[in-house]
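Asker: Contents of target_38.pdb (PDB, C-alpha atoms and all ligand atoms):
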```pdb
ATOM      1  CA  MET A 883       0.000   0.000   0.000  1.00  0.00           C
ATOM      2  CA  SER A 884       1.474   3.385  -0.978  1.00  0.00           C
ATOM      3  CA  TRP A 885       1.688   6.213   1.548  1.00  0.00           C
ATOM      4  CA  ARG A 886      -0.403   8.337  -0.771  1.00  0.00           C
ATOM      5  CA  ASN A 887      -3.451   6.175  -0.272  1.00  0.00           C
ATOM      6  CA  GLY A 888      -2.415   4.480   2.988  1.00  0.00           C
ATOM      7  CA  PHE A 889      -4.969   3.801   5.649  1.00  0.00           C
ATOM      8  CA  GLY A 890      -3.000   6.067   8.008  1.00  0.00           C
ATOM      9  CA  ALA A 891      -4.530   9.084   6.329  1.00  0.00           C
ATOM     10  CA  ALA A 892      -8.063   7.846   6.899  1.00  0.00           C
ATOM     11  CA  LEU A 893      -7.144   6.990  10.461  1.00  0.00           C
ATOM     12  CA  ALA A 894      -5.801  10.490  11.023  1.00  0.00           C
ATOM     13  CA  ALA A 895      -8.970  12.066   9.667  1.00  0.00           C
ATOM     14  CA  GLY A 896     -11.040   9.881  11.989  1.00  0.00           C
ATOM     15  CA  LEU A 897      -8.921  10.793  14.979  1.00  0.00           C
ATOM     16  CA  ALA A 898      -9.197  14.464  14.168  1.00  0.00           C
ATOM     17  CA  LEU A 899     -12.978  14.139  14.114  1.00  0.00           C
ATOM     18  CA  MET A 900     -12.835  12.395  17.488  1.00  0.00           C
ATOM     19  CA  ILE A 901     -10.675  15.159  18.888  1.00  0.00           C
ATOM     20  CA  GLY A 902     -13.184  17.764  17.832  1.00  0.00           C
ATOM     21  CA  PHE A 903     -11.327  20.335  15.764  1.00  0.00           C
ATOM     22  CA  GLY A 904      -9.971  22.435  18.600  1.00  0.00           C
ATOM     23  CA  THR A 905      -8.811  25.964  17.954  1.00  0.00           C
ATOM     24  CA  ALA A 906      -6.703  28.426  19.881  1.00  0.00           C
ATOM     25  CA  ALA A 907      -5.990  32.090  19.322  1.00  0.00           C
ATOM     26  CA  GLN A 908      -2.922  32.637  17.198  1.00  0.00           C
ATOM     27  CA  GLU A 909      -0.596  35.454  18.027  1.00  0.00           C
ATOM     28  CA  GLY A 910       1.416  37.672  15.765  1.00  0.00           C
ATOM     29  CA  LYS A 911       1.106  35.879  12.416  1.00  0.00           C
ATOM     30  CA  PRO A 912       0.174  38.063   9.480  1.00  0.00           C
ATOM     31  CA  ALA A 913      -2.293  36.610   7.000  1.00  0.00           C
ATOM     32  CA  LYS A 914      -0.771  35.566   3.701  1.00  0.00           C
ATOM     33  CA  LYS A 915      -2.668  34.568   0.567  1.00  0.00           C
ATOM     34  CA  GLY A 916      -5.847  32.537   0.976  1.00  0.00           C
ATOM     35  CA  GLY A 917      -7.459  34.363   3.894  1.00  0.00           C
ATOM     36  CA  LYS A 918      -7.603  33.540   7.619  1.00  0.00           C
ATOM     37  CA  GLY A 919      -3.809  33.212   7.677  1.00  0.00           C
ATOM     38  CA  MET A 920      -3.747  30.370   5.146  1.00  0.00           C
ATOM     39  CA  ILE A 921      -0.749  30.231   2.835  1.00  0.00           C
ATOM     40  CA  ARG A 922      -1.123  29.084  -0.751  1.00  0.00           C
ATOM     41  CA  PRO A 923       2.364  28.380  -2.092  1.00  0.00           C
ATOM     42  CA  SER A 924       3.144  29.271  -5.713  1.00  0.00           C
ATOM     43  CA  GLU A 925       3.675  26.577  -8.356  1.00  0.00           C
ATOM     44  CA  GLU A 926       7.368  27.415  -8.289  1.00  0.00           C
ATOM     45  CA  VAL A 927       7.597  26.850  -4.540  1.00  0.00           C
ATOM     46  CA  LEU A 928       5.634  23.593  -4.812  1.00  0.00           C
ATOM     47  CA  LYS A 929       7.990  22.310  -7.513  1.00  0.00           C
ATOM     48  CA  LYS A 930      11.085  23.045  -5.456  1.00  0.00           C
ATOM     49  CA  ARG A 931       9.416  21.511  -2.404  1.00  0.00           C
ATOM     50  CA  GLU A 932       8.521  18.297  -4.180  1.00  0.00           C
ATOM     51  CA  ALA A 933      12.071  17.930  -5.457  1.00  0.00           C
ATOM     52  CA  ARG A 934      13.630  18.524  -2.033  1.00  0.00           C
ATOM     53  CA  MET A 935      11.174  16.164  -0.261  1.00  0.00           C
ATOM     54  CA  LYS A 936      12.079  13.457  -2.799  1.00  0.00           C
ATOM     55  CA  GLU A 937      15.774  14.045  -2.070  1.00  0.00           C
ATOM     56  CA  LEU A 938      15.134  13.813   1.668  1.00  0.00           C
ATOM     57  CA  GLU A 939      13.316  10.500   1.259  1.00  0.00           C
ATOM     58  CA  LYS A 940      16.608   8.962   0.136  1.00  0.00           C
ATOM     59  CA  THR A 941      18.296   9.587   3.500  1.00  0.00           C
ATOM     60  CA  ILE A 942      15.454   8.751   5.883  1.00  0.00           C
ATOM     61  CA  SER A 943      17.332   6.001   7.749  1.00  0.00           C
ATOM     62  CA  LYS A 944      20.599   7.919   7.941  1.00  0.00           C
ATOM     63  CA  LYS A 945      18.930  11.068   9.278  1.00  0.00           C
ATOM     64  CA  LEU A 946      16.633   9.141  11.662  1.00  0.00           C
ATOM     65  CA  ASN A 947      13.537  10.594   9.970  1.00  0.00           C
ATOM     66  CA  ILE A 948       9.984   9.383  10.222  1.00  0.00           C
ATOM     67  CA  PRO A 949       8.604   7.388   7.269  1.00  0.00           C
ATOM     68  CA  PRO A 950       6.566   9.382   4.690  1.00  0.00           C
ATOM     69  CA  THR A 951       3.330   7.760   5.902  1.00  0.00           C
ATOM     70  CA  ASP A 952       3.953   9.122   9.384  1.00  0.00           C
ATOM     71  CA  GLY A 953       4.712  12.490   7.798  1.00  0.00           C
ATOM     72  CA  MET A 954       1.368  12.430   6.021  1.00  0.00           C
ATOM     73  CA  PHE A 955      -0.285  11.505   9.329  1.00  0.00           C
ATOM     74  CA  LEU A 956       1.290  14.537  11.030  1.00  0.00           C
ATOM     75  CA  LYS A 957       0.293  16.829   8.173  1.00  0.00           C
ATOM     76  CA  ILE A 958      -3.314  15.645   8.373  1.00  0.00           C
ATOM     77  CA  MET A 959      -3.404  15.954  12.158  1.00  0.00           C
ATOM     78  CA  ALA A 960      -2.039  19.514  12.096  1.00  0.00           C
ATOM     79  CA  ALA A 961      -4.443  20.584   9.347  1.00  0.00           C
ATOM     80  CA  SER A 962      -7.584  18.784  10.516  1.00  0.00           C
ATOM     81  CA  THR A 963      -7.284  19.852  14.169  1.00  0.00           C
ATOM     82  CA  ARG A 964      -6.730  23.391  12.886  1.00  0.00           C
ATOM     83  CA  ALA A 965      -3.588  23.633  14.974  1.00  0.00           C
ATOM     84  CA  GLN A 966      -2.210  27.132  15.475  1.00  0.00           C
ATOM     85  CA  LYS A 967       0.794  26.504  17.701  1.00  0.00           C
ATOM     86  CA  VAL A 968       2.796  23.314  17.340  1.00  0.00           C
ATOM     87  CA  LEU A 969       5.994  22.189  19.072  1.00  0.00           C
ATOM     88  CA  GLU A 970       8.380  19.547  17.743  1.00  0.00           C
ATOM     89  CA  ILE A 971      11.158  18.095  19.915  1.00  0.00           C
ATOM     90  CA  GLY A 972      13.910  16.592  17.750  1.00  0.00           C
ATOM     91  CA  SER A 973      14.072  18.159  14.269  1.00  0.00           C
ATOM     92  CA  SER A 974      17.022  16.256  12.782  1.00  0.00           C
ATOM     93  CA  ASN A 975      17.283  17.720   9.248  1.00  0.00           C
ATOM     94  CA  GLY A 976      13.699  19.007   9.318  1.00  0.00           C
ATOM     95  CA  TYR A 977      11.969  16.255   7.319  1.00  0.00           C
ATOM     96  CA  SER A 978       9.059  15.836   9.751  1.00  0.00           C
ATOM     97  CA  ALA A 979       8.949  19.615  10.254  1.00  0.00           C
ATOM     98  CA  CYS A 980       8.377  19.987   6.495  1.00  0.00           C
ATOM     99  CA  TRP A 981       5.383  17.649   6.738  1.00  0.00           C
ATOM    100  CA  ILE A 982       3.887  19.431   9.755  1.00  0.00           C
ATOM    101  CA  GLY A 983       4.594  22.801   8.114  1.00  0.00           C
ATOM    102  CA  GLN A 984       2.565  21.773   5.070  1.00  0.00           C
ATOM    103  CA  GLY A 985      -0.397  21.038   7.353  1.00  0.00           C
ATOM    104  CA  LEU A 986       0.017  24.411   9.021  1.00  0.00           C
ATOM    105  CA  GLU A 987      -0.046  26.267   5.710  1.00  0.00           C
ATOM    106  CA  GLN A 988      -3.707  25.311   5.683  1.00  0.00           C
ATOM    107  CA  THR A 989      -4.419  26.604   9.178  1.00  0.00           C
ATOM    108  CA  GLY A 990      -2.270  29.745   9.372  1.00  0.00           C
ATOM    109  CA  GLY A 991      -0.478  28.063  12.269  1.00  0.00           C
ATOM    110  CA  HIS A 992       3.201  27.907  13.223  1.00  0.00           C
ATOM    111  CA  LEU A 993       5.658  25.203  14.277  1.00  0.00           C
ATOM    112  CA  TRP A 994       8.630  25.623  16.606  1.00  0.00           C
ATOM    113  CA  THR A 995      11.069  22.735  16.142  1.00  0.00           C
ATOM    114  CA  ILE A 996      14.099  22.173  18.389  1.00  0.00           C
ATOM    115  CA  GLU A 997      17.335  20.370  17.515  1.00  0.00           C
ATOM    116  CA  ILE A 998      20.379  19.988  19.773  1.00  0.00           C
ATOM    117  CA  ASP A 999      22.857  19.017  17.048  1.00  0.00           C
ATOM    118  CA  ALA A1000      24.194  22.123  15.280  1.00  0.00           C
ATOM    119  CA  ALA A1001      24.864  20.436  11.924  1.00  0.00           C
ATOM    120  CA  ARG A1002      21.385  18.891  11.805  1.00  0.00           C
ATOM    121  CA  ALA A1003      19.783  22.191  12.836  1.00  0.00           C
ATOM    122  CA  ALA A1004      21.611  23.905   9.938  1.00  0.00           C
ATOM    123  CA  GLU A1005      20.315  21.261   7.523  1.00  0.00           C
ATOM    124  CA  CYS A1006      16.848  21.788   8.956  1.00  0.00           C
ATOM    125  CA  ARG A1007      16.995  25.512   8.228  1.00  0.00           C
ATOM    126  CA  ASP A1008      18.235  24.863   4.685  1.00  0.00           C
ATOM    127  CA  ASN A1009      15.487  22.309   3.996  1.00  0.00           C
ATOM    128  CA  LEU A1010      12.766  24.564   5.367  1.00  0.00           C
ATOM    129  CA  LYS A1011      13.993  27.403   3.161  1.00  0.00           C
ATOM    130  CA  GLU A1012      14.191  25.234   0.046  1.00  0.00           C
ATOM    131  CA  CYS A1013      10.693  23.884   0.717  1.00  0.00           C
ATOM    132  CA  GLY A1014       9.338  27.420   1.174  1.00  0.00           C
ATOM    133  CA  LEU A1015       8.302  26.633   4.742  1.00  0.00           C
ATOM    134  CA  ASP A1016      10.668  28.886   6.689  1.00  0.00           C
ATOM    135  CA  ASN A1017       7.805  31.354   7.212  1.00  0.00           C
ATOM    136  CA  VAL A1018       5.669  28.625   8.848  1.00  0.00           C
ATOM    137  CA  VAL A1019       8.372  26.860  10.875  1.00  0.00           C
ATOM    138  CA  THR A1020      10.916  28.326  13.285  1.00  0.00           C
ATOM    139  CA  SER A1021      13.980  26.140  13.739  1.00  0.00           C
ATOM    140  CA  ILE A1022      15.576  26.471  17.169  1.00  0.00           C
ATOM    141  CA  GLU A1023      19.084  25.160  17.733  1.00  0.00           C
ATOM    142  CA  GLY A1024      19.589  24.048  21.324  1.00  0.00           C
ATOM    143  CA  ASN A1025      18.737  21.612  24.070  1.00  0.00           C
ATOM    144  CA  ALA A1026      14.956  21.263  24.187  1.00  0.00           C
ATOM    145  CA  PHE A1027      15.048  20.944  27.981  1.00  0.00           C
ATOM    146  CA  LYS A1028      16.368  24.522  28.069  1.00  0.00           C
ATOM    147  CA  GLU A1029      14.499  25.916  25.058  1.00  0.00           C
ATOM    148  CA  ILE A1030      10.945  24.742  25.820  1.00  0.00           C
ATOM    149  CA  PRO A1031      10.521  26.924  28.951  1.00  0.00           C
ATOM    150  CA  ARG A1032      11.485  29.945  26.816  1.00  0.00           C
ATOM    151  CA  LEU A1033       8.570  29.328  24.428  1.00  0.00           C
ATOM    152  CA  GLU A1034       5.088  30.656  24.866  1.00  0.00           C
ATOM    153  CA  GLY A1035       2.194  28.224  24.898  1.00  0.00           C
ATOM    154  CA  PRO A1036      -0.420  27.027  24.846  1.00  0.00           C
ATOM    155  CA  PHE A1037       0.357  24.463  22.165  1.00  0.00           C
ATOM    156  CA  ASP A1038      -2.382  22.707  20.208  1.00  0.00           C
ATOM    157  CA  MET A1039      -0.098  19.879  19.193  1.00  0.00           C
ATOM    158  CA  VAL A1040       3.298  18.508  20.255  1.00  0.00           C
ATOM    159  CA  PHE A1041       5.358  16.036  18.213  1.00  0.00           C
ATOM    160  CA  LEU A1042       7.863  14.209  20.420  1.00  0.00           C
ATOM    161  CA  ASP A1043      10.736  12.591  18.518  1.00  0.00           C
ATOM    162  CA  ALA A1044      13.964  13.089  20.520  1.00  0.00           C
ATOM    163  CA  TRP A1045      15.872  10.362  22.398  1.00  0.00           C
ATOM    164  CA  LYS A1046      13.348   7.867  23.669  1.00  0.00           C
ATOM    165  CA  THR A1047      14.582   7.584  27.273  1.00  0.00           C
ATOM    166  CA  ASP A1048      13.870  11.341  27.672  1.00  0.00           C
ATOM    167  CA  TYR A1049      10.196  11.172  26.649  1.00  0.00           C
ATOM    168  CA  LYS A1050       8.792  11.104  30.209  1.00  0.00           C
ATOM    169  CA  ARG A1051      10.898  14.080  31.332  1.00  0.00           C
ATOM    170  CA  PHE A1052       9.810  15.999  28.249  1.00  0.00           C
ATOM    171  CA  LEU A1053       6.163  15.154  28.964  1.00  0.00           C
ATOM    172  CA  GLU A1054       6.456  16.591  32.472  1.00  0.00           C
ATOM    173  CA  LEU A1055       8.020  19.744  31.026  1.00  0.00           C
ATOM    174  CA  PHE A1056       5.591  20.513  28.196  1.00  0.00           C
ATOM    175  CA  LEU A1057       2.284  19.049  29.410  1.00  0.00           C
ATOM    176  CA  PRO A1058       1.314  22.240  31.311  1.00  0.00           C
ATOM    177  CA  MET A1059       1.946  24.127  28.042  1.00  0.00           C
ATOM    178  CA  VAL A1060      -0.500  21.962  26.036  1.00  0.00           C
ATOM    179  CA  ARG A1061      -3.972  23.415  25.969  1.00  0.00           C
ATOM    180  CA  PRO A1062      -6.878  21.282  27.243  1.00  0.00           C
ATOM    181  CA  GLY A1063      -8.167  19.607  24.064  1.00  0.00           C
ATOM    182  CA  GLY A1064      -4.660  19.574  22.582  1.00  0.00           C
ATOM    183  CA  ILE A1065      -2.773  16.519  21.367  1.00  0.00           C
ATOM    184  CA  ILE A1066       0.661  14.973  21.856  1.00  0.00           C
ATOM    185  CA  ILE A1067       2.075  12.639  19.227  1.00  0.00           C
ATOM    186  CA  ALA A1068       5.043  10.491  20.259  1.00  0.00           C
ATOM    187  CA  HIS A1069       7.094   8.542  17.700  1.00  0.00           C
ATOM    188  CA  ASN A1070       8.668   5.042  17.805  1.00  0.00           C
ATOM    189  CA  THR A1071       6.349   3.908  20.586  1.00  0.00           C
ATOM    190  CA  ILE A1072       6.125   0.337  19.209  1.00  0.00           C
ATOM    191  CA  GLU A1073       9.639  -0.154  17.884  1.00  0.00           C
ATOM    192  CA  GLN A1074      11.336   1.429  20.907  1.00  0.00           C
ATOM    193  CA  ALA A1075       8.692   0.829  23.583  1.00  0.00           C
ATOM    194  CA  LYS A1076      11.282  -0.764  25.854  1.00  0.00           C
ATOM    195  CA  ASP A1077      13.154   2.557  26.062  1.00  0.00           C
ATOM    196  CA  MET A1078      10.124   4.512  27.272  1.00  0.00           C
ATOM    197  CA  PRO A1079       8.068   2.377  29.712  1.00  0.00           C
ATOM    198  CA  ASP A1080       7.711   5.374  32.063  1.00  0.00           C
ATOM    199  CA  TYR A1081       6.336   7.569  29.257  1.00  0.00           C
ATOM    200  CA  LEU A1082       3.867   4.941  28.088  1.00  0.00           C
ATOM    201  CA  GLU A1083       2.687   4.301  31.633  1.00  0.00           C
ATOM    202  CA  ALA A1084       2.185   8.041  32.172  1.00  0.00           C
ATOM    203  CA  VAL A1085       0.118   8.648  29.020  1.00  0.00           C
ATOM    204  CA  PHE A1086      -1.960   5.478  29.369  1.00  0.00           C
ATOM    205  CA  GLN A1087      -2.583   5.672  33.136  1.00  0.00           C
ATOM    206  CA  SER A1088      -3.247   9.373  33.702  1.00  0.00           C
ATOM    207  CA  PRO A1089      -6.957  10.171  34.240  1.00  0.00           C
ATOM    208  CA  ASP A1090      -6.386  13.471  32.405  1.00  0.00           C
ATOM    209  CA  LEU A1091      -5.089  11.851  29.217  1.00  0.00           C
ATOM    210  CA  ASP A1092      -6.584   9.543  26.578  1.00  0.00           C
ATOM    211  CA  SER A1093      -4.049   7.611  24.475  1.00  0.00           C
ATOM    212  CA  VAL A1094      -3.940   5.135  21.642  1.00  0.00           C
ATOM    213  CA  THR A1095      -1.012   3.563  19.793  1.00  0.00           C
ATOM    214  CA  LEU A1096      -1.224   3.031  16.069  1.00  0.00           C
ATOM    215  CA  SER A1097       0.957   2.283  13.096  1.00  0.00           C
ATOM    216  CA  THR A1098       0.583   3.922   9.724  1.00  0.00           C
ATOM    217  CA  THR A1099       2.846   1.528   7.817  1.00  0.00           C
ATOM    218  CA  GLN A1100       4.357  -1.880   7.594  1.00  0.00           C
ATOM    219  CA  TRP A1101       7.446  -0.249   9.158  1.00  0.00           C
ATOM    220  CA  LYS A1102       5.719  -0.487  12.551  1.00  0.00           C
ATOM    221  CA  LYS A1103       7.561   2.405  14.136  1.00  0.00           C
ATOM    222  CA  GLY A1104       4.523   3.183  16.241  1.00  0.00           C
ATOM    223  CA  ILE A1105       2.812   6.457  17.018  1.00  0.00           C
ATOM    224  CA  THR A1106       1.088   7.120  20.319  1.00  0.00           C
ATOM    225  CA  ILE A1107      -1.439   9.902  20.140  1.00  0.00           C
ATOM    226  CA  THR A1108      -2.494  11.418  23.438  1.00  0.00           C
ATOM    227  CA  TYR A1109      -5.409  13.753  23.976  1.00  0.00           C
ATOM    228  CA  LYS A1110      -5.310  16.185  26.908  1.00  0.00           C
ATOM    229  CA  ARG A1111      -8.860  16.001  28.160  1.00  0.00           C
ATOM    230  CA  ARG A1112     -10.906  19.135  28.610  1.00  0.00           C
ATOM    231  CA  LEU A1113     -12.790  17.603  31.557  1.00  0.00           C
TER     232      LEU A1113
HETATM  233  C1  LIG A1201      14.698  10.690  15.611  1.00  0.00           C
HETATM  234  S1  LIG A1201      15.576  12.165  15.300  1.00  0.00           S
HETATM  235  C2  LIG A1201      14.312  13.299  14.817  1.00  0.00           C
HETATM  236  C3  LIG A1201      13.798  13.048  13.419  1.00  0.00           C
HETATM  237  C4  LIG A1201      12.861  14.109  12.908  1.00  0.00           C
HETATM  238  N1  LIG A1201      11.731  14.300  13.786  1.00  0.00           N
HETATM  239  C5  LIG A1201      12.334  13.727  11.539  1.00  0.00           C
HETATM  240  O1  LIG A1201      11.530  12.795  11.469  1.00  0.00           O
HETATM  241  O2  LIG A1201      12.742  14.351  10.558  1.00  0.00           O
HETATM  242  C6  LIG A1201      15.908  12.702  16.948  1.00  0.00           C
HETATM  243  C7  LIG A1201      16.617  14.026  17.014  1.00  0.00           C
HETATM  244  O3  LIG A1201      16.451  14.557  18.333  1.00  0.00           O
HETATM  245  C8  LIG A1201      17.582  15.305  18.650  1.00  0.00           C
HETATM  246  N2  LIG A1201      17.621  15.480  20.115  1.00  0.00           N
HETATM  247  C9  LIG A1201      17.852  14.550  21.064  1.00  0.00           C
HETATM  248  N3  LIG A1201      17.779  15.076  22.286  1.00  0.00           N
HETATM  249  C10 LIG A1201      17.493  16.388  22.123  1.00  0.00           C
HETATM  250  C11 LIG A1201      17.299  17.476  23.023  1.00  0.00           C
HETATM  251  N4  LIG A1201      17.393  17.313  24.344  1.00  0.00           N
HETATM  252  N5  LIG A1201      17.011  18.686  22.510  1.00  0.00           N
HETATM  253  C12 LIG A1201      16.898  18.859  21.159  1.00  0.00           C
HETATM  254  N6  LIG A1201      17.090  17.875  20.268  1.00  0.00           N
HETATM  255  C13 LIG A1201      17.373  16.651  20.741  1.00  0.00           C
HETATM  256  C14 LIG A1201      18.725  14.480  18.079  1.00  0.00           C
HETATM  257  O4  LIG A1201      19.897  15.233  17.904  1.00  0.00           O
HETATM  258  C15 LIG A1201      18.123  13.957  16.775  1.00  0.00           C
HETATM  259  O5  LIG A1201      18.483  14.764  15.678  1.00  0.00           O
END
```
Translate the structure of the given file into structure tokens.
Answerer:
Amino acid sequence: MSWRNGFGAALAAGLALMIGFGTAAQEGKPAKKGGKGMIRPSEEVLKKREARMKELEKTISKKLNIPPTDGMFLKIMAASTRAQKVLEIGSSNGYSACWIGQGLEQTGGHLWTIEIDAARAAECRDNLKECGLDNVVTSIEGNAFKEIPRLEGPFDMVFLDAWKTDYKRFLELFLPMVRPGGIIIAHNTIEQAKDMPDYLEAVFQSPDLDSVTLSTTQWKKGITITYKRRL
């Protein structure tokens, strides 16, 4: 099954319906073309973007990127929940950020993505620029444990994809910054479940959180989506 028609997309749409299309006020983002802050990229930008995304697909394993199906899932989640403020922990070269950014073009939202490795952060900035997404995504170079408290919430969506043994500590740090009704998406929760038992216990046992683990591909990386309950 190709990622273009994979069942992950349908699953994402269903989840977004379940979550209830939350919205939050967006600060300081001027509206571009398309109204309500939506950005409609030009044909030229789309061409360059397609070419760069194809290039990036060749180095997915080397750069520790998510598979394209998981990228499509993130894009759909960002767009269909109408996310305005999104946080990503662990940018690598910005491949997943490019997917989330494409979802946010449709909502007028913005992504802040954090990467500790200077070389990867530089690649991230270059890829965002080439894909015409540097106006939708801010790349932050630094240790996310230090950078997150400097950011202003509330976030509608968080994508957690740093070192797996840190997931629980990150959850404790950013959970107060996720709005009630917001979502947290954690990657590799099947493949590397043994490295994050504390995180999985926290998101599945907390009375304030609803969680489900799913897989969008035969790659079985695993995505755990967590909903911060309103009540
Ligand atoms: C699995 S890769 C991220 C892949 C990326 N999300 C993608 O799919 O394109 C994990 C990244 O997290 C970064 N990282 C690990 N700990 C971090 C921290 N404390 N702060 C910021 N980045 C961190 C690593 O340097 C690495 O590039």
Asker: Find the residues near range 1026-1032 of chain A: any atom within 12 Å, counting all atoms listed in the file, skip ones fewer than 5 places away on the same chain, and give them as number ranges by chain.
Answerer: A: 968-973, 994-999, 1021, 1037, 1040, 1042-1045, 1048-1060
Asker: When distances are computed from all atoms listed in the file, which of A:Ala1075, A:Leu1015, A:Ala1068, A:Leu1082 shows the smallest separation from ligand LIG 1201 (chain A)?
Answerer: A:Ala1068
Asker: What gap, in Å, lies between atom C4 of ligand LIG 1201 (chain A) and CA of Cys1006 in chain A?
Answerer: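 These atoms are spaced 9.5 Å apart.
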Asker: From the set A:Ala1004, A:Leu993, A:Leu1113, A:Met935, which residue has the shortest atom-to-atom contact distance to Pro949 in chain A, counting only C-alpha atoms?
Answerer: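 Checking each of A:Ala1004, A:Leu993, A:Leu1113, A:Met935 against Pro949 in chain A, counting only C-alpha atoms, the winner is A:Met935.
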Asker: How many Å lie between atom O4 of ligand LIG 1201 (chain A) and CA of Thr1020 in chain A, rounded to one decimal?
Answerer: 16.5 Å
Asker: Using all atoms listed in the file, find the one residue out of A:Glu1083, A:Glu987, A:Glu1073, A:Glu1023 that sits nearest to Arg1002 in chain A.
Answerer: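 When distances to Arg1002 in chain A are compared using all atoms listed in the file, the smallest one comes from A:Glu1023.
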Asker: Work out how far apart CA of Thr1098 in chain A and CA of Phe955 in chain A are and give it in Å to one decimal.
Answerer: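 Computed distance, CA of Thr1098 in chain A to CA of Phe955 in chain A, equals 7.6 Å.
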Asker: Specify the axis-aligned box that encloses all atoms of ligand LIG 1201 (chain A) listed in the file after padding of 3 Å on each side, stating its centre and edge lengths in Å to one decimal as JSON.
Answerer:
```
{"center_x": 15.7, "center_y": 14.8, "center_z": 17.5, "size_x": 14.4, "size_y": 14.2, "size_z": 19.8}
```
Asker: Hey, which of A:His992, A:Arg1007, A:Arg931, A:Arg922 ends up closest to Arg964 in chain A? Count only C-alpha atoms.
Answerer: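 Using only C-alpha atoms, Arg964 in chain A sits closest to A:His992.
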Asker: Using the atoms already present, construct N, CA and C atoms for range 1039-1053 of chain A and hand them back as a PDB file, in the frame of the given file.
Answerer:
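Resulting contents of result.pdb:
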```
ATOM      1  N   MET A1039      -0.633  21.184  19.581  1.00  0.00           N
ATOM      2  CA  MET A1039      -0.098  19.879  19.193  1.00  0.00           C
ATOM      3  C   MET A1039       1.396  19.856  19.502  1.00  0.00           C
ATOM      4  N   VAL A1040       1.864  18.708  20.025  1.00  0.00           N
ATOM      5  CA  VAL A1040       3.298  18.508  20.255  1.00  0.00           C
ATOM      6  C   VAL A1040       3.701  17.218  19.559  1.00  0.00           C
ATOM      7  N   PHE A1041       4.804  17.264  18.809  1.00  0.00           N
ATOM      8  CA  PHE A1041       5.358  16.036  18.213  1.00  0.00           C
ATOM      9  C   PHE A1041       6.672  15.742  18.913  1.00  0.00           C
ATOM     10  N   LEU A1042       6.724  14.600  19.592  1.00  0.00           N
ATOM     11  CA  LEU A1042       7.863  14.209  20.420  1.00  0.00           C
ATOM     12  C   LEU A1042       8.665  13.147  19.688  1.00  0.00           C
ATOM     13  N   ASP A1043       9.913  13.517  19.311  1.00  0.00           N
ATOM     14  CA  ASP A1043      10.736  12.591  18.518  1.00  0.00           C
ATOM     15  C   ASP A1043      12.227  12.784  18.822  1.00  0.00           C
ATOM     16  N   ALA A1044      12.548  12.977  20.117  1.00  0.00           N
ATOM     17  CA  ALA A1044      13.964  13.089  20.520  1.00  0.00           C
ATOM     18  C   ALA A1044      14.418  11.707  21.020  1.00  0.00           C
ATOM     19  N   TRP A1045      15.434  11.668  21.875  1.00  0.00           N
ATOM     20  CA  TRP A1045      15.872  10.362  22.398  1.00  0.00           C
ATOM     21  C   TRP A1045      14.781   9.770  23.283  1.00  0.00           C
ATOM     22  N   LYS A1046      14.549   8.494  23.108  1.00  0.00           N
ATOM     23  CA  LYS A1046      13.348   7.867  23.669  1.00  0.00           C
ATOM     24  C   LYS A1046      13.339   7.829  25.200  1.00  0.00           C
ATOM     25  N   THR A1047      14.533   7.663  25.807  1.00  0.00           N
ATOM     26  CA  THR A1047      14.582   7.584  27.273  1.00  0.00           C
ATOM     27  C   THR A1047      14.229   8.935  27.926  1.00  0.00           C
ATOM     28  N   ASP A1048      14.196  10.004  27.139  1.00  0.00           N
ATOM     29  CA  ASP A1048      13.870  11.341  27.672  1.00  0.00           C
ATOM     30  C   ASP A1048      12.374  11.671  27.581  1.00  0.00           C
ATOM     31  N   TYR A1049      11.596  10.809  26.946  1.00  0.00           N
ATOM     32  CA  TYR A1049      10.196  11.172  26.649  1.00  0.00           C
ATOM     33  C   TYR A1049       9.413  11.584  27.909  1.00  0.00           C
ATOM     34  N   LYS A1050       9.585  10.812  29.003  1.00  0.00           N
ATOM     35  CA  LYS A1050       8.792  11.104  30.209  1.00  0.00           C
ATOM     36  C   LYS A1050       9.165  12.479  30.784  1.00  0.00           C
ATOM     37  N   ARG A1051      10.464  12.773  30.809  1.00  0.00           N
ATOM     38  CA  ARG A1051      10.898  14.080  31.332  1.00  0.00           C
ATOM     39  C   ARG A1051      10.381  15.209  30.445  1.00  0.00           C
ATOM     40  N   PHE A1052      10.364  14.975  29.147  1.00  0.00           N
ATOM     41  CA  PHE A1052       9.810  15.999  28.249  1.00  0.00           C
ATOM     42  C   PHE A1052       8.310  16.183  28.510  1.00  0.00           C
ATOM     43  N   LEU A1053       7.613  15.070  28.706  1.00  0.00           N
ATOM     44  CA  LEU A1053       6.163  15.154  28.964  1.00  0.00           C
ATOM     45  C   LEU A1053       5.891  16.037  30.179  1.00  0.00           C
TER      46      LEU A1053
END
```
